[in-house]
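Chemist: Please see the structure below; I have some questions.
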Amino acid sequence: MNTTTLKQKFAEIFGTQQAPRVFCAPGRVNLIGEHTDYNGGHVFPCALSFNTYVAGALRTDGQVRLYSLNFEKTGIITADIQHIAYDKKQDWANYPLGVLAVLLKREYPLHTGVDLLFWGDIPLGAGLSSSASIELATGVAANHLYDLRIPNFELSKIGQEAENKFVGMNSGIMDQFASAMGKKGHAILLDCNTLSYQYAPLDLRGVSILICNTNKPHNLIESKYNERRAQSEHALKQLQSKLPIHALGELTEEEFEANKQLIQDPVERKRAKHAVYENRRTLLAAQKLQQGDLKAFGQLMNASHVSLRDDYEVTGQELDAMAEAAWAQPGVLGARMTGGGFGGCVVALVQDEAVEAFKHDVAKLYTARTGYMPDFYVASAEDGARELN
Ligand code: GLA
């Protein structure tokens with residue numbers, strides 16, 4: 001849908017003459033560094049060409065009206081800008097409402113109401129951060145419409161707070177950060193402990209980033225995501241009885257091995273092991289990419305999947321079936337689950353000339369094992385949340 005159509009829909013649905021402005025915020029794919037963000041480690045995502053778009057205009061009264069062309073059944077959701085509250089029945093609208101609530105809590109002057117019309121082309125529930133992109137689309141729209149002058153970096157933290165405190169999903173910063181700060185042609189190496197980051201050129205010479213959607217929907221709110229986070233935090237507490245660390249991401253593999261007995265529960269020990277090793281893999285992978293060693297990068301992706309499967313236990317049979325099918329194909333440098341897990345997508349590095357055969361053969365193997373039909377998208381790294389003219 002182009003911006004002209006979105007503007008027409010805005011007039012139709014809200015019945016207003018006022019011309020809206022249009023904004024967008026992308027989804028993301030994480031190349032490596034999974035379940036490391038809330039463990040104070042590194043992540044390596046890039047923003048995608050899939051986006052949430054929003055057409056928005058301020059109102060003269062205090063009403064907030066929200067509508068999504070992806071969830072038309074929910075209809076128009078209304079709220080009073082002074083009294084925004086979470087309500088499960090508001091469904092998808094809790095994401096934009098959460099962002100407005102956080103802005104108000106931080107005392108940004110949202111002095112009038114607003115009409116916001118959403119539409120997105122990010123596959124839903126696929127682990128490509130459709131929720132974070134709704135938050136960032138709302139953030140960037142509010143930022144411009146109310147003239148708040150908040151840097152995108154800060155908008156990512158506002159999005160995360162909405163997700164954590166309003167929606168109740170204890171996610172880390174990765175998704176919102178990637179959606180806010182994405183850069184065309186680059187991945188972002190983000191240190192989630194300090195929030196320092198650098199852009200890494202994605203110079204893949206003849207290799208494609210292929211996203212393989214299991215089409216097994218994942219719902220992190222109802223999944224074991226919050227439990228994994230609690231297990232990691234408990235493991236950290238036990239290590240802190242001896243080590244002066246703030247996060248698992250501060251440990252090397254050697255330091256972890258020398259101290260892991262401090263963690264009583266073997267399951268929590270495995271969770272912590274993943275967080276430590278995955279963080280080190282991510283740093284190494286970024287280095288390999290810079291050196292142009294995609295083969296080594298791919299092998300680190302494979303090791304990441306195995307660790308997420310065996311130690312962090314967030315894959316499940318669909319993601320494992322997809323990764324295994326990918327590993328068996330010629331021209332594949334590496335493949336791993338991406339995002340929160342428990343369904344969603346696998347990301348693979350595939351030589352350009354092998355892509356078509358890959359899709360055909362992986363689909364066959366995957367469907368035979370799981371009964372689901374997969375989808376495939378070639379990813380390109382794009383810019384973060386912004387106004388569209
Ligand atoms: C979800 C969360 C992120 C991150 C990933 C796992 O996408 O929103 O913060 O924890 O899972 O790496």
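Letters for chains follow the order of the structure tokens (A, B, ...), residue numbers begin at 1 for each chain, and ligand numbers begin at 1 in the order shown.
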Please identify all polymer residues within 12 Å of Ile77 of chain A, counting only C-alpha atoms, omitting same-chain residues fewer than 5 positions from it, and present them as a list of chain:residue names.

Modeler: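 What passes the distance filter is A:Ile13, A:Phe14, A:Gln63, A:Val64, A:Arg65, A:Leu66, A:Tyr67, A:Ser68, A:Phe71, A:Glu72, A:Ile84, A:Asp87, A:Lys89, A:Gln90, A:Asp91, A:Trp92, A:Ala93, A:Asn94, A:Pro96, A:Leu97, A:Val114, A:Asp115, A:Leu116, A:Leu117, A:Phe118.
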
Chemist: Name each residue within 7 Å of ligand 1, counting only C-alpha atoms and all ligand atoms, as a PyMOL selection string.

Modeler: chain A and resi 33-38+127+129+171-175+339-340

Chemist: Write down as a ChimeraX atom specification the residues of segment 87-195 of chain A whose backbone DSSP state falls under helix (DSSP H, G or I).

Modeler: /A:88-105,130-145,152-167,174-181

Chemist: Using only C-alpha atoms, I'd like a table of the residues in segment 109-152 of chain A that come within 12 Å of segment 217-238 of chain A; for each, show the closest atom pair and its distance in Å rounded to one decimal, ordered by chain and ascending number, as JSON lines.

Modeler:
```
{"residue": "A:Pro123", "atom": "CA", "partner": "A:Pro217", "partner_atom": "CA", "distance": 10.0}
{"residue": "A:Leu124", "atom": "CA", "partner": "A:Pro217", "partner_atom": "CA", "distance": 8.0}
{"residue": "A:Gly125", "atom": "CA", "partner": "A:Pro217", "partner_atom": "CA", "distance": 5.2}
{"residue": "A:Ala126", "atom": "CA", "partner": "A:Pro217", "partner_atom": "CA", "distance": 6.1}
{"residue": "A:Gly127", "atom": "CA", "partner": "A:His218", "partner_atom": "CA", "distance": 7.1}
{"residue": "A:Leu128", "atom": "CA", "partner": "A:His218", "partner_atom": "CA", "distance": 10.6}
{"residue": "A:Ser129", "atom": "CA", "partner": "A:Leu220", "partner_atom": "CA", "distance": 10.8}
{"residue": "A:Ser130", "atom": "CA", "partner": "A:Asn219", "partner_atom": "CA", "distance": 11.6}
{"residue": "A:Ser131", "atom": "CA", "partner": "A:Leu220", "partner_atom": "CA", "distance": 10.6}
```

Chemist: Would you list the contacts of Leu349 of chain A as a count of residues only, taking every protein, DNA or RNA residue within 8 Å and counting only C-alpha atoms, but skipping same-chain residues closer than 3 positions in sequence?

Modeler: 9

Chemist: Using only C-alpha atoms, which residues sit within 7 Å of Val99 of chain A once same-chain residues fewer than 3 positions away are excluded, as a PDB file with C-alpha atoms, in the first residue's frame?

Modeler:
```
ATOM      1  CA  TYR A  95       1.255  -1.272  21.728  1.00  0.00           C
ATOM      2  CA  PRO A  96       0.555   2.270  20.480  1.00  0.00           C
ATOM      3  CA  VAL A 102       5.132   6.199  28.431  1.00  0.00           C
ATOM      4  CA  LEU A 103       5.482   9.577  26.694  1.00  0.00           C
ATOM      5  CA  GLU A 135       5.789   0.877  18.950  1.00  0.00           C
ATOM      6  CA  THR A 138       3.822   5.291  17.059  1.00  0.00           C
ATOM      7  CA  GLY A 139       6.902   6.842  18.663  1.00  0.00           C
ATOM      8  CA  ILE A 158      10.419   4.431  25.126  1.00  0.00           C
ATOM      9  CA  GLY A 159       9.215   1.555  22.929  1.00  0.00           C
ATOM     10  CA  ALA A 162       5.909   0.353  26.655  1.00  0.00           C
TER      11      ALA A 162
END
```

Chemist: Using only C-alpha atoms, what table do you get, as a tab-separated table, when you list each residue of segment 252-319 of chain A with an atom no more than 10 Å from segment 367-381 of chain A, its nearest pair of atoms, and their distance in Å rounded to one decimal, rows by chain then rising number?

Modeler:
```
residue	atom	partner	partner_atom	distance
A:Gln317	CA	A:Thr370	CA	7.9
A:Glu318	CA	A:Thr370	CA	6.4
A:Leu319	CA	A:Thr370	CA	9.9
```

Chemist: Report as JSON lines: every residue of segment 103-199 of chain A with an atom at most 10 Å from segment 286-295 of chain A, its closest pair of atoms, and their distance in Å to one decimal, counting only C-alpha atoms, with rows sorted by chain and ascending residue number.

Modeler:
```
{"residue": "A:Ala187", "atom": "CA", "partner": "A:Ala286", "partner_atom": "CA", "distance": 9.3}
{"residue": "A:Ile188", "atom": "CA", "partner": "A:Ala286", "partner_atom": "CA", "distance": 9.4}
{"residue": "A:Leu189", "atom": "CA", "partner": "A:Ala286", "partner_atom": "CA", "distance": 7.3}
```

Chemist: With all heavy atoms retained, export the selected residues as a short mmCIF file (atom, residue, chain, number, x, y, z; two decimals), in the first residue's frame.

Modeler:
```cif
data_model
loop_
_atom_site.label_atom_id
_atom_site.label_comp_id
_atom_site.auth_asym_id
_atom_site.auth_seq_id
_atom_site.Cartn_x
_atom_site.Cartn_y
_atom_site.Cartn_z
N ALA A 187 24.37 -3.89 9.21
CA ALA A 187 23.86 -4.50 10.43
C ALA A 187 24.36 -3.63 11.59
O ALA A 187 25.26 -2.80 11.40
CB ALA A 187 24.38 -5.93 10.57
N ILE A 188 23.75 -3.81 12.76
CA ILE A 188 24.14 -3.01 13.92
C ILE A 188 24.73 -3.93 14.98
O ILE A 188 24.04 -4.84 15.44
CB ILE A 188 22.92 -2.31 14.57
CG1 ILE A 188 22.01 -1.68 13.50
CG2 ILE A 188 23.37 -1.28 15.59
CD1 ILE A 188 20.68 -1.19 14.06
N LEU A 189 25.97 -3.66 15.35
CA LEU A 189 26.54 -4.41 16.48
C LEU A 189 26.29 -3.57 17.73
O LEU A 189 26.88 -2.50 17.91
CB LEU A 189 28.05 -4.64 16.28
CG LEU A 189 28.71 -5.42 17.42
CD1 LEU A 189 28.15 -6.84 17.51
CD2 LEU A 189 30.24 -5.47 17.25
#
```
